[in-house]
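**Q** Okay, so here is data00.tsv, and as you'll see once you scroll down, it has TSV, C-alpha atoms.
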chain	number	residue	atom	x	y	z
A	11	MET	CA	-14.87	3.48	-9.80
A	12	THR	CA	-12.66	4.52	-6.94
A	13	LEU	CA	-14.19	7.24	-4.84
A	14	ARG	CA	-12.46	10.57	-4.48
A	15	PRO	CA	-12.82	12.76	-1.41
A	16	TRP	CA	-15.44	14.92	-3.06
A	17	ALA	CA	-17.72	11.90	-3.33
A	18	PHE	CA	-17.97	11.40	0.41
A	19	PRO	CA	-20.75	13.94	0.94
A	20	VAL	CA	-22.77	11.82	-1.51
A	21	LEU	CA	-21.96	8.69	0.43
A	22	ALA	CA	-22.65	10.44	3.67
A	23	PHE	CA	-26.29	10.81	2.74
A	24	LEU	CA	-26.72	7.17	1.85
A	25	GLY	CA	-26.91	6.30	5.51
A	26	PRO	CA	-30.08	8.08	6.54
A	27	SER	CA	-31.81	7.48	3.21
A	28	PRO	CA	-34.58	4.97	3.97
A	29	THR	CA	-34.79	3.72	0.39
A	30	ALA	CA	-31.10	3.18	-0.07
A	31	ALA	CA	-30.72	1.67	3.33
A	32	THR	CA	-33.08	-1.20	2.57
A	33	GLN	CA	-30.73	-4.13	2.39
A	34	SER	CA	-30.99	-7.62	1.08
A	35	THR	CA	-31.05	-10.30	3.73
A	36	TYR	CA	-28.80	-12.48	1.54
A	37	SER	CA	-25.11	-12.09	1.07
A	38	VAL	CA	-23.54	-14.34	-1.53
A	39	TYR	CA	-20.13	-13.79	-3.10
A	40	GLN	CA	-18.20	-15.19	-5.96
A	41	PHE	CA	-14.45	-14.74	-5.92
A	42	GLN	CA	-12.25	-15.24	-8.93
A	43	LEU	CA	-8.48	-14.98	-8.80
A	44	TRP	CA	-6.70	-13.83	-11.95
A	45	GLN	CA	-3.03	-13.69	-12.79
A	46	ILE	CA	-2.07	-10.89	-15.16
A	47	GLU	CA	0.83	-11.55	-17.51
A	48	PRO	CA	3.35	-8.96	-18.74
A	49	ASP	CA	1.56	-8.74	-22.09
A	50	GLY	CA	-1.72	-7.84	-20.40
A	51	THR	CA	-3.43	-11.20	-20.81
A	52	ARG	CA	-4.91	-12.81	-17.75
A	53	HIS	CA	-5.40	-16.36	-16.64
A	54	SER	CA	-7.88	-17.68	-14.15
A	55	GLY	CA	-6.51	-19.04	-10.93
A	56	GLY	CA	-9.78	-20.60	-9.88
A	57	GLY	CA	-12.85	-19.42	-8.08
A	58	PHE	CA	-14.68	-19.67	-4.82
A	59	GLY	CA	-18.18	-18.95	-3.75
A	60	GLY	CA	-19.90	-18.56	-0.47
A	61	GLY	CA	-22.15	-16.59	1.77
A	62	GLY	CA	-25.47	-17.04	3.36
A	63	SER	CA	-28.67	-15.54	4.55
A	64	GLY	CA	-27.16	-12.79	6.58
A	65	GLU	CA	-25.07	-9.68	6.39
A	66	PHE	CA	-21.76	-11.12	5.35
A	67	ASP	CA	-18.53	-9.20	5.00
A	68	PHE	CA	-15.36	-10.61	3.58
A	69	ARG	CA	-11.66	-10.45	4.18
A	70	ILE	CA	-8.68	-11.28	1.98
A	71	TRP	CA	-5.24	-11.84	3.44
A	72	ILE	CA	-2.09	-12.32	1.43
A	73	LYS	CA	1.33	-13.45	2.56
A	74	PRO	CA	3.27	-13.81	-0.67
A	75	GLU	CA	6.20	-16.11	-1.06
A	76	PRO	CA	9.68	-14.64	-0.47
A	77	ARG	CA	10.55	-14.88	-4.18
A	78	ILE	CA	7.96	-12.18	-4.81
A	79	THR	CA	8.97	-9.91	-1.96
A	80	GLY	CA	12.72	-10.21	-2.24
A	81	GLY	CA	13.17	-12.45	0.77
A	82	LEU	CA	11.62	-10.05	3.28
A	83	GLY	CA	8.28	-10.62	4.90
A	84	TYR	CA	5.15	-8.97	3.56
A	85	ARG	CA	1.55	-9.32	4.62
A	86	LEU	CA	-1.59	-7.61	3.46
A	87	ASP	CA	-4.95	-7.73	5.22
A	88	ALA	CA	-7.96	-6.34	3.42
A	89	ASP	CA	-11.08	-6.14	5.57
A	90	PHE	CA	-14.16	-5.27	3.51
A	91	VAL	CA	-17.54	-4.13	4.71
A	92	VAL	CA	-20.25	-4.70	2.10
A	93	HIS	CA	-23.56	-2.86	2.20
A	94	ARG	CA	-26.19	-4.25	-0.13
A	95	LEU	CA	-28.52	-1.47	-1.21
A	96	VAL	CA	-31.56	-1.73	-3.41
A	97	ASP	CA	-29.84	-0.86	-6.68
A	98	SER	CA	-26.18	-1.04	-5.83
A	99	THR	CA	-23.56	-2.33	-3.46
A	100	VAL	CA	-21.13	-0.26	-1.46
A	101	MET	CA	-17.82	-1.88	-0.59
A	102	ILE	CA	-15.52	-0.21	1.91
A	103	GLY	CA	-12.17	-1.81	2.58
A	104	ASP	CA	-9.69	-1.06	5.31
A	105	ILE	CA	-6.43	-2.48	4.03
A	106	THR	CA	-3.28	-2.87	6.08
A	107	ALA	CA	0.04	-3.73	4.45
A	108	ILE	CA	2.93	-4.71	6.69
A	109	ARG	CA	6.36	-5.16	5.20
A	110	GLU	CA	9.63	-6.14	6.76
A	111	VAL	CA	12.23	-3.44	6.20
A	112	SER	CA	15.12	-5.36	7.71
A	113	SER	CA	15.63	-8.40	9.84
A	114	ASN	CA	18.34	-10.33	11.59
A	115	ALA	CA	18.55	-13.39	13.73
A	116	GLU	CA	21.05	-13.93	16.48
A	117	PRO	CA	23.18	-17.04	15.87
A	118	GLY	CA	22.14	-19.94	18.00
A	119	ASP	CA	19.08	-18.11	19.23
A	120	SER	CA	15.49	-18.51	18.23
A	121	ILE	CA	14.84	-14.78	18.47
A	122	ARG	CA	14.48	-12.97	15.20
A	123	HIS	CA	14.43	-9.19	15.14
A	124	ALA	CA	12.59	-7.41	12.35
A	125	ARG	CA	11.85	-3.79	11.65
A	126	LEU	CA	8.35	-3.47	10.22
A	127	GLU	CA	6.66	-0.77	8.24
A	128	GLU	CA	2.88	-0.53	8.21
A	129	GLU	CA	0.65	1.30	5.77
A	130	THR	CA	-3.11	1.53	5.89
A	131	PHE	CA	-5.45	2.32	3.04
A	132	ARG	CA	-9.18	2.98	2.79
A	133	ARG	CA	-10.75	1.95	-0.51
A	134	THR	CA	-14.41	2.61	-1.27
A	135	LEU	CA	-16.39	1.44	-4.25
A	136	VAL	CA	-20.00	1.74	-5.38
A	137	LEU	CA	-21.00	-1.18	-7.56
A	138	ARG	CA	-23.91	-0.80	-9.91
A	139	SER	CA	-25.90	-3.75	-11.15
A	140	GLY	CA	-23.93	-5.98	-13.52
A	141	ALA	CA	-20.52	-4.72	-12.43
A	142	THR	CA	-17.98	-6.58	-10.37
A	143	ALA	CA	-15.30	-5.32	-8.03
A	144	TRP	CA	-11.66	-5.87	-8.99
A	145	PHE	CA	-9.26	-5.78	-6.11
A	146	TYR	CA	-5.60	-5.39	-7.02
A	147	PRO	CA	-3.72	-6.13	-3.76
A	148	PHE	CA	-0.36	-5.06	-5.23
A	149	GLY	CA	-1.76	-2.23	-7.32
A	150	MET	CA	-2.55	-2.32	-11.00
A	151	PRO	CA	0.39	-3.82	-12.95
A	152	LYS	CA	1.83	-1.80	-15.80
A	153	ARG	CA	2.83	-3.14	-19.18
A	154	GLY	CA	5.60	-5.66	-18.80
A	155	GLU	CA	4.77	-6.51	-15.22
A	156	ARG	CA	2.93	-9.42	-13.70
A	157	GLY	CA	0.19	-9.05	-11.18
A	158	ILE	CA	-2.81	-10.58	-9.52
A	159	VAL	CA	-6.36	-9.38	-9.07
A	160	PHE	CA	-9.34	-10.70	-7.16
A	161	GLU	CA	-12.66	-10.31	-8.92
A	162	VAL	CA	-15.41	-10.09	-6.33
A	163	SER	CA	-19.01	-10.23	-7.40
A	164	PRO	CA	-21.73	-9.95	-4.83
A	165	ALA	CA	-24.54	-12.00	-6.37
A	166	ALA	CA	-27.13	-9.62	-7.77
A	167	ASN	CA	-29.93	-12.12	-7.37
A	168	PRO	CA	-29.93	-13.47	-3.83
A	169	THR	CA	-31.64	-16.66	-4.98
A	170	THR	CA	-28.72	-17.52	-7.27
A	171	PRO	CA	-26.64	-20.21	-5.57
A	172	ALA	CA	-22.98	-19.47	-5.30
A	173	GLN	CA	-20.59	-21.49	-7.40
A	174	LYS	CA	-18.97	-23.99	-5.14
A	175	ILE	CA	-15.37	-24.92	-5.77
A	176	GLY	CA	-13.52	-26.68	-3.04
A	177	PHE	CA	-10.36	-25.23	-1.60
A	178	ASP	CA	-8.28	-28.27	-2.57
A	179	ARG	CA	-9.31	-27.85	-6.17
A	180	ALA	CA	-8.41	-24.18	-6.00
A	181	TYR	CA	-5.03	-25.02	-4.54
A	182	PHE	CA	-4.09	-27.15	-7.52
A	183	LEU	CA	-5.31	-24.53	-9.92
A	184	LEU	CA	-3.18	-21.94	-8.23
A	185	HIS	CA	-0.07	-24.00	-7.79
A	186	ASP	CA	1.80	-22.45	-10.72
A	187	PHE	CA	0.59	-18.97	-9.95
A	188	LEU	CA	2.23	-16.19	-8.01
A	189	LEU	CA	0.09	-17.07	-5.04
A	190	THR	CA	-0.52	-20.57	-3.88
A	191	GLY	CA	-3.22	-21.84	-1.62
A	192	ARG	CA	-0.91	-21.42	1.33
A	193	SER	CA	-0.07	-17.79	0.73
A	194	TYR	CA	-3.51	-16.22	0.70
A	195	GLY	CA	-6.94	-16.73	2.09
A	196	ILE	CA	-10.49	-15.50	1.72
A	197	GLU	CA	-13.02	-15.49	4.51
A	198	TRP	CA	-16.61	-14.37	4.59
A	199	LYS	CA	-18.51	-14.12	7.81
A	200	PRO	CA	-21.60	-12.38	9.15
A	201	ARG	CA	-20.86	-9.13	10.92
A	202	THR	CA	-22.91	-6.32	12.39
A	203	HIS	CA	-23.63	-3.84	9.63
A	204	SER	CA	-25.77	-1.21	11.26
A	205	LEU	CA	-27.47	-0.08	14.40
A	206	ARG	CA	-29.96	2.54	15.45
A	207	ALA	CA	-28.51	5.48	17.24
A	208	ARG	CA	-29.54	8.88	18.53
A	209	LEU	CA	-27.14	11.80	18.24
A	210	GLU	CA	-27.69	14.90	20.34
A	211	ILE	CA	-25.74	18.07	20.90
A	212	GLY	CA	-25.85	20.39	23.88
A	213	THR	CA	-24.49	20.53	27.38
A	214	PRO	CA	-25.40	18.56	30.48
A	215	GLY	CA	-26.68	21.76	32.14
A	216	ALA	CA	-28.53	23.45	29.28
A	217	GLY	CA	-30.20	20.37	27.84
A	218	TRP	CA	-29.91	18.39	24.61
A	219	SER	CA	-31.30	18.68	21.11
A	220	THR	CA	-31.53	15.70	18.80
A	221	VAL	CA	-29.72	16.15	15.50
A	222	PHE	CA	-30.13	12.60	14.21
A	223	GLU	CA	-31.98	9.43	15.09
A	224	GLY	CA	-32.00	6.41	12.85
A	225	PRO	CA	-29.80	3.72	11.35
A	226	VAL	CA	-26.08	4.23	10.98
A	227	PHE	CA	-24.01	1.88	8.86
A	228	THR	CA	-20.49	0.64	9.46
A	229	ARG	CA	-17.82	2.73	7.71
A	230	LEU	CA	-20.44	4.79	5.87
A	231	PRO	CA	-19.86	8.43	6.84
A	232	LEU	CA	-23.08	10.02	8.06
A	233	ARG	CA	-23.30	13.76	7.55
A	234	VAL	CA	-25.22	15.55	10.29
A	235	PRO	CA	-26.07	19.25	9.82
A	236	LEU	CA	-25.48	21.29	12.98
A	237	ASP	CA	-26.95	24.61	11.79
A	238	GLY	CA	-23.57	26.27	11.69
A	239	LYS	CA	-22.60	25.24	15.20
A	240	GLY	CA	-19.86	22.92	14.03
A	241	ALA	CA	-16.23	23.93	13.88
A	242	ARG	CA	-15.89	26.66	11.23
A	243	GLY	CA	-19.60	26.19	10.54
A	244	SER	CA	-19.08	22.65	9.19
A	245	ASP	CA	-21.44	19.72	9.47
A	246	LEU	CA	-20.58	16.77	11.66
A	247	ILE	CA	-19.38	13.54	10.04
A	248	PHE	CA	-20.21	10.47	12.12
A	249	GLU	CA	-18.78	7.10	11.15
A	250	LEU	CA	-19.62	3.83	12.86
A	251	GLN	CA	-16.65	1.47	12.98
A	252	ALA	CA	-16.99	-2.14	11.96
A	253	PRO	CA	-16.61	-4.64	14.80
A	254	GLU	CA	-13.41	-6.63	14.92
A	255	TRP	CA	-13.29	-9.40	12.36
A	256	GLY	CA	-14.64	-12.69	13.55
A	257	ILE	CA	-16.99	-11.49	16.30
A	258	PRO	CA	-20.47	-12.88	15.57
A	259	PRO	CA	-23.17	-10.19	15.55
A	260	ALA	CA	-24.89	-11.83	18.53
A	261	ASP	CA	-21.73	-11.36	20.61
A	262	VAL	CA	-21.20	-7.71	19.82
A	263	ASP	CA	-21.97	-5.83	23.01
A	264	ALA	CA	-20.20	-2.55	22.27
A	265	VAL	CA	-19.63	-0.38	19.24
A	266	CYS	CA	-17.17	2.36	18.42
A	267	TRP	CA	-17.35	5.41	16.20
A	268	ARG	CA	-15.29	8.31	14.97
A	269	TRP	CA	-16.38	11.85	14.32
A	270	SER	CA	-14.84	14.61	12.26
A	271	TRP	CA	-15.86	17.81	10.48
A	272	ALA	CA	-17.12	17.99	6.93
A	273	ASP	CA	-14.38	20.41	5.90
A	274	ARG	CA	-11.87	17.68	6.80
A	275	GLN	CA	-10.03	19.96	9.18
A	276	PRO	CA	-9.11	19.02	12.75
A	277	PRO	CA	-10.03	18.30	15.44
A	278	GLY	CA	-11.81	14.98	15.46
A	279	GLY	CA	-12.47	12.24	17.92
A	280	GLY	CA	-14.15	8.99	18.69
A	281	SER	CA	-15.46	6.80	21.44
A	282	CYS	CA	-17.17	3.50	22.18
A	283	ALA	CA	-20.41	2.60	23.91
A	284	ALA	CA	-22.12	-0.52	25.12
A	285	ILE	CA	-25.39	-1.37	23.43
A	286	HIS	CA	-28.46	-0.71	25.59
A	287	GLU	CA	-26.36	0.82	28.35
A	288	GLY	CA	-27.12	4.49	28.14
A	289	PRO	CA	-25.55	7.41	26.34
A	290	VAL	CA	-21.93	8.41	25.99
A	291	VAL	CA	-21.11	12.12	26.19
A	292	GLN	CA	-18.11	13.54	24.42
A	293	ARG	CA	-16.93	17.11	23.92
A	294	LEU	CA	-17.05	18.38	20.34
A	295	TYR	CA	-13.79	20.23	20.37
A	296	GLY	CA	-13.55	23.31	18.22
A	297	SER	CA	-17.28	23.95	17.93
A	298	ARG	CA	-20.10	25.93	19.56
A	299	ALA	CA	-22.21	22.77	19.70
A	300	GLY	CA	-20.78	21.85	23.08
A	301	PHE	CA	-21.02	18.12	23.57
A	302	LEU	CA	-22.10	15.14	21.49
A	303	ARG	CA	-24.32	12.61	23.22
A	304	VAL	CA	-24.59	9.24	21.51
A	305	THR	CA	-27.17	6.69	22.51
A	306	VAL	CA	-27.06	3.27	20.88
A	307	LEU	CA	-30.70	2.29	20.70
A	308	SER	CA	-30.43	-1.15	19.15
A	309	SER	CA	-28.35	-3.24	16.83
A	310	SER	CA	-30.34	-3.70	13.66
M	24	MET	CA	82.82	38.45	-44.36
M	25	PRO	CA	85.74	40.11	-42.56
M	26	ASP	CA	83.81	40.51	-39.23
M	27	PHE	CA	83.57	36.78	-38.65
M	28	PRO	CA	86.64	34.61	-38.26
M	29	ASP	CA	86.82	31.15	-39.71
M	30	LEU	CA	85.01	29.32	-36.97
M	31	HIS	CA	85.66	25.90	-38.39
M	32	ARG	CA	89.31	26.66	-37.92
M	33	ALA	CA	88.79	27.86	-34.30
M	34	TYR	CA	87.09	24.54	-33.26
M	35	THR	CA	88.79	21.46	-34.38
M	36	LYS	CA	86.84	18.29	-35.21
M	37	PRO	CA	87.00	15.74	-32.31
M	38	THR	CA	88.99	12.68	-32.98
M	39	GLU	CA	87.65	9.14	-32.70
M	40	SER	CA	89.19	8.72	-29.27
M	41	ASP	CA	87.66	12.04	-28.10
M	42	THR	CA	84.23	10.77	-29.14
M	43	ASP	CA	84.66	7.45	-27.39
M	44	GLU	CA	85.81	9.22	-24.26
M	45	ALA	CA	82.77	11.48	-24.35
M	46	TRP	CA	80.46	8.46	-24.74
M	47	ARG	CA	82.10	6.79	-21.80
M	48	ARG	CA	81.32	9.80	-19.63
M	49	VAL	CA	77.73	10.18	-20.76
M	50	GLY	CA	76.75	6.50	-20.96
M	51	PRO	CA	76.40	5.72	-17.21
M	52	LYS	CA	74.28	8.87	-16.75
M	53	LEU	CA	71.92	7.70	-19.49
M	54	VAL	CA	71.59	4.29	-17.83
M	55	ARG	CA	70.85	5.91	-14.48
M	56	ALA	CA	68.22	8.16	-16.10
M	57	GLY	CA	66.55	5.09	-17.65
M	58	ALA	CA	66.46	3.29	-14.29
M	59	TYR	CA	64.93	6.38	-12.70
M	60	ARG	CA	62.15	6.43	-15.30
M	61	MET	CA	61.49	2.76	-14.65
M	62	ARG	CA	61.09	3.49	-10.95
M	63	LEU	CA	58.53	6.17	-11.79
M	64	LEU	CA	56.48	3.68	-13.79
M	65	ILE	CA	55.45	1.68	-10.70
M	66	PRO	CA	53.76	4.51	-8.75
M	67	ALA	CA	52.23	5.74	-12.00
M	68	ALA	CA	50.71	2.31	-12.60
M	69	VAL	CA	49.39	2.25	-9.04
M	70	LEU	CA	47.88	5.70	-9.53
M	71	VAL	CA	46.23	4.66	-12.79
M	72	GLY	CA	44.82	1.58	-11.07
M	73	LEU	CA	43.38	3.62	-8.25
M	74	ILE	CA	41.79	6.09	-10.66
M	75	THR	CA	40.30	3.23	-12.69
M	76	ALA	CA	38.88	1.55	-9.58
M	77	PHE	CA	37.35	4.82	-8.41
M	78	GLY	CA	35.84	5.42	-11.84
M	79	VAL	CA	34.32	1.94	-12.02
M	80	GLY	CA	32.88	2.31	-8.52
M	81	TYR	CA	31.46	5.71	-9.33
M	82	VAL	CA	29.75	4.50	-12.51
M	83	THR	CA	28.39	1.39	-10.77
M	84	GLY	CA	27.03	3.50	-7.92
M	85	ARG	CA	25.38	5.86	-10.35
M	86	ARG	CA	23.62	2.99	-12.07
M	87	ALA	CA	22.35	1.31	-8.89
M	88	ALA	CA	18.75	2.15	-7.99
M	89	PRO	CA	18.38	4.16	-4.79
M	90	SER	CA	16.83	2.36	-1.84
M	91	ASP	CA	13.09	2.33	-2.41
M	92	ARG	CA	11.93	0.91	0.88
M	93	GLY	CA	9.55	3.29	2.49
M	94	ALA	CA	8.58	4.86	-0.81
M	95	PRO	CA	4.90	4.79	-1.75
M	96	GLU	CA	5.72	2.39	-4.53
M	97	PHE	CA	7.80	-0.61	-3.61
M	98	ARG	CA	9.28	-0.75	-7.09
M	99	THR	CA	12.00	-3.34	-6.80
M	100	GLU	CA	11.67	-5.79	-9.64
M	101	ARG	CA	11.30	-9.31	-8.39
M	102	PRO	CA	12.22	-12.43	-10.29
M	103	ALA	CA	8.54	-13.02	-10.85
M	104	GLY	CA	8.14	-9.53	-12.37
M	105	ILE	CA	5.91	-8.32	-9.54
M	106	VAL	CA	5.97	-4.69	-8.43
M	107	ILE	CA	4.18	-3.94	-5.17
M	108	ARG	CA	2.17	-0.73	-5.20
M	109	PRO	CA	-0.69	0.54	-3.03
M	110	PRO	CA	-3.81	-1.60	-3.45
M	111	GLU	CA	-6.58	-0.53	-5.79
M	112	LEU	CA	-10.28	-1.31	-5.93
M	113	VAL	CA	-12.14	-0.60	-9.15
M	114	ALA	CA	-15.43	-1.55	-10.76
M	115	LYS	CA	-15.52	-3.29	-14.13
M	116	PRO	CA	-18.04	-5.27	-16.10
M	117	GLY	CA	-18.19	-8.86	-14.95
M	118	SER	CA	-15.93	-11.31	-16.79
How does the structure come out when it is put into structure tokens?

**A**
Amino acid sequence: MTLRPWAFPVLAFLGPSPTAATQSTYSVYQFQLWQIEPDGTRHSGGGFGGGGSGEFDFRIWIKPEPRITGGLGYRLDADFVVHRLVDSTVMIGDITAIREVSSNAEPGDSIRHARLEEETFRRTLVLRSGATAWFYPFGMPKRGERGIVFEVSPAANPTTPAQKIGFDRAYFLLHDFLLTGRSYGIEWKPRTHSLRARLEIGTPGAGWSTVFEGPVFTRLPLRVPLDGKGARGSDLIFELQAPEWGIPPADVDAVCWRWSWADRQPPGGGSCAAIHEGPVVQRLYGSRAGFLRVTVLSSS
Amino acid sequence: MPDFPDLHRAYTKPTESDTDEAWRRVGPKLVRAGAYRMRLLIPAAVLVGLITAFGVGYVTGRRAAPSDRGAPEFRTERPAGIVIRPPELVAKPGS
């Protein structure tokens, strides 16, 4: 199920919900790569498994061979945040596709000039129990086309050990496929998923009123009612950004966020703050609420 | 028919020598006319060639797919049959 814009208000309330926010302390994944043939049949390209007793996210990168991309460079990075809830899993991917539009190399020189085109996509999925996520990096192939898909299943039972298949084994399985072991990769690492924050509106002179205090989750839009003080009377949408890939949670000393209005109209903004280092004040442009004061209380 | 004289008597039939003489006068002109037509054939052939080349180029251009780089769907068929489109994430029952 791919989420449409109208579903975001539903997601927005998942954040402050104490029941839904209770997360498993285990994160185990099973990845299965499939190749889809022109007649619709699919063949397994091998599987991987991994994870651990922490809040693990995963990332898939693909750099297909030139025969697939017509000789020009192409790279896709899909960075997924995974929130394990009591009865479901929310996966939010920020996907960046970079393709070479043209390139030339000067004779006798090692410099190669390329004109690149970058596209970014946000893909959100709510997985119920028993379902698995299917990630089509090149879109869903139509009849008569070939394609690949990654099947990602967060283990429903955290005590179930992940299936272990070594990378070398996977390489040989994939050798005849559209992607080989050299042209893609899967990583899963622990990453900060949430923190406690206090959101206040007001002005430095007239004082502050708290509009939210509690856990906020990475990439999960949090909807904060402002009693009609928002731009055009809209509620505030607050979204915590995921830390850069690869930074261990213990080393995260600052977090960033973005804010917007629930009617999806401008303006919007964002800022960053160090954890445990006091509030950050930012003007809420276009509203009667004045300023937004964000205090990061703790990383949870 | 008293109003018309005997025309066949007014114009005598040309003799053999008259006919030969007439052919001698006309013959070179006919040869020159033929050579002139032959000279016209060359530019006509060039013109036909140019028109044919233009037509072939036009049809080939019409058949060629427009450049699709930058389009939302990167549709160019690859040897492997892959078409690159925006990524999708969907939920399905486990395999």

**Q** Taking all atoms listed in the file into account, name the residue in M:Ser118, M:Arg55, M:Thr35, M:Ile107 that is nearest to chain A.

**A**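 Smallest distance to chain A is found for M:Ile107.
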
**Q** Could the residues of chain M within 6 Å of chain A, counting only C-alpha atoms, be given as a PDB file with C-alpha atoms, in the coordinates of the input, please?

**A**
ATOM      1  CA  ARG M 101      11.300  -9.310  -8.390  1.00  0.00           C
ATOM      2  CA  GLY M 104       8.140  -9.530 -12.370  1.00  0.00           C
ATOM      3  CA  ILE M 105       5.910  -8.320  -9.540  1.00  0.00           C
ATOM      4  CA  ILE M 107       4.180  -3.940  -5.170  1.00  0.00           C
ATOM      5  CA  ARG M 108       2.170  -0.730  -5.200  1.00  0.00           C
ATOM      6  CA  PRO M 109      -0.690   0.540  -3.030  1.00  0.00           C
ATOM      7  CA  PRO M 110      -3.810  -1.600  -3.450  1.00  0.00           C
ATOM      8  CA  GLU M 111      -6.580  -0.530  -5.790  1.00  0.00           C
ATOM      9  CA  LEU M 112     -10.280  -1.310  -5.930  1.00  0.00           C
ATOM     10  CA  VAL M 113     -12.140  -0.600  -9.150  1.00  0.00           C
ATOM     11  CA  ALA M 114     -15.430  -1.550 -10.760  1.00  0.00           C
ATOM     12  CA  LYS M 115     -15.520  -3.290 -14.130  1.00  0.00           C
ATOM     13  CA  PRO M 116     -18.040  -5.270 -16.100  1.00  0.00           C
ATOM     14  CA  GLY M 117     -18.190  -8.860 -14.950  1.00  0.00           C
TER      15      GLY M 117
END

**Q** For A:Val304, list every protein, DNA or RNA residue within 6 Å, evaluated using only C-alpha atoms, and leave out those in the same chain fewer than 3 positions away; present the list as a PDB file with C-alpha atoms, in the frame of the given file.

**A**
ATOM      1  CA  ARG A 208     -29.540   8.880  18.530  1.00  0.00           C
ATOM      2  CA  LEU A 209     -27.140  11.800  18.240  1.00  0.00           C
ATOM      3  CA  PRO A 289     -25.550   7.410  26.340  1.00  0.00           C
ATOM      4  CA  VAL A 290     -21.930   8.410  25.990  1.00  0.00           C
TER       5      VAL A 290
END

**Q** Using only C-alpha atoms for the distances, tell me which of A:Ala264, A:Val96, A:Ile70, A:Leu82 is nearest to A:Glu287.

**A** A:Ala264

**Q** Atom CA of A:Gly217 and atom CA of A:Asp245 are how many Å apart?

**A**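 So the answer is 20.4 Å.
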
**Q** Could you tell me how far atom CA of A:Trp267 lies from atom CA of A:Gly279, in Å and to one decimal?

**A**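 Going from atom CA of A:Trp267 over to atom CA of A:Gly279 covers 8.6 Å.
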
**Q** Using Å and a single decimal, report how far atom CA of A:Phe227 sits from atom CA of A:Pro276.

**A**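 Straight-line distance from atom CA of A:Pro276 to atom CA of A:Phe227 works out to 23.0 Å.
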
**Q** Can you tell me which residues surround A:Leu294 at a distance of at most 12 Å, considering only C-alpha atoms, apart from same-chain residues fewer than 3 positions away, and format the answer as a PDB file with C-alpha atoms, keeping the file's coordinate frame?

**A**
ATOM      1  CA  GLU A 210     -27.690  14.900  20.340  1.00  0.00           C
ATOM      2  CA  ILE A 211     -25.740  18.070  20.900  1.00  0.00           C
ATOM      3  CA  GLY A 212     -25.850  20.390  23.880  1.00  0.00           C
ATOM      4  CA  THR A 213     -24.490  20.530  27.380  1.00  0.00           C
ATOM      5  CA  LEU A 236     -25.480  21.290  12.980  1.00  0.00           C
ATOM      6  CA  LYS A 239     -22.600  25.240  15.200  1.00  0.00           C
ATOM      7  CA  GLY A 240     -19.860  22.920  14.030  1.00  0.00           C
ATOM      8  CA  ALA A 241     -16.230  23.930  13.880  1.00  0.00           C
ATOM      9  CA  ASP A 245     -21.440  19.720   9.470  1.00  0.00           C
ATOM     10  CA  LEU A 246     -20.580  16.770  11.660  1.00  0.00           C
ATOM     11  CA  ILE A 247     -19.380  13.540  10.040  1.00  0.00           C
ATOM     12  CA  PHE A 248     -20.210  10.470  12.120  1.00  0.00           C
ATOM     13  CA  ARG A 268     -15.290   8.310  14.970  1.00  0.00           C
ATOM     14  CA  TRP A 269     -16.380  11.850  14.320  1.00  0.00           C
ATOM     15  CA  SER A 270     -14.840  14.610  12.260  1.00  0.00           C
ATOM     16  CA  TRP A 271     -15.860  17.810  10.480  1.00  0.00           C
ATOM     17  CA  PRO A 276      -9.110  19.020  12.750  1.00  0.00           C
ATOM     18  CA  PRO A 277     -10.030  18.300  15.440  1.00  0.00           C
ATOM     19  CA  GLY A 278     -11.810  14.980  15.460  1.00  0.00           C
ATOM     20  CA  GLY A 279     -12.470  12.240  17.920  1.00  0.00           C
ATOM     21  CA  GLY A 280     -14.150   8.990  18.690  1.00  0.00           C
ATOM     22  CA  SER A 281     -15.460   6.800  21.440  1.00  0.00           C
ATOM     23  CA  VAL A 291     -21.110  12.120  26.190  1.00  0.00           C
ATOM     24  CA  SER A 297     -17.280  23.950  17.930  1.00  0.00           C
ATOM     25  CA  ARG A 298     -20.100  25.930  19.560  1.00  0.00           C
ATOM     26  CA  ALA A 299     -22.210  22.770  19.700  1.00  0.00           C
ATOM     27  CA  GLY A 300     -20.780  21.850  23.080  1.00  0.00           C
ATOM     28  CA  PHE A 301     -21.020  18.120  23.570  1.00  0.00           C
ATOM     29  CA  LEU A 302     -22.100  15.140  21.490  1.00  0.00           C
ATOM     30  CA  ARG A 303     -24.320  12.610  23.220  1.00  0.00           C
ATOM     31  CA  VAL A 304     -24.590   9.240  21.510  1.00  0.00           C
TER      32      VAL A 304
END

**Q** Could the centre and edge lengths of an axis-aligned box, enclosing all atoms of stretch 54-59 of chain M in the file with 4 Å extra on each side, be given in Å to one decimal as JSON?

**A**
{"center_x": 68.3, "center_y": 5.7, "center_z": -15.3, "size_x": 14.7, "size_y": 12.9, "size_z": 13.1}

**Q** At a cut-off of 8 Å, using only C-alpha atoms, what residues contact A:His203? Leave out same-chain residues fewer than 5 positions from it and give the result as a list in words.

**A**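 Residues near the query, excluding close chain neighbours: Glu65, Val91, His93, Phe227, Thr228, Ala252 and Ser310 of chain A.
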
**Q** I need the residue nearest A:Pro225 from this list: A:Arg85, A:Arg206, A:Arg274, A:Arg125. Use all atoms listed in the file for the distance.

**A**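 Comparing A:Arg85, A:Arg206, A:Arg274, A:Arg125 against A:Pro225, the winner is A:Arg206.
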
**Q** Given the choices A:Pro200, A:Pro235, A:Pro74, A:Pro164, which gets closest to A:Asp261 if the distance is worked out from only C-alpha atoms?

**A** A:Pro200

**Q** Do you know which residues lie at most 8 Å from (-27.6, -5.5, 17.7), with coordinates as in the file and only C-alpha atoms counted, and could you write them as a list in words?

**A** Thr202, Ser204, Leu205, Pro259, Ala260, Val262, Asp263, Ile285, Ser308, Ser309 and Ser310 of chain A
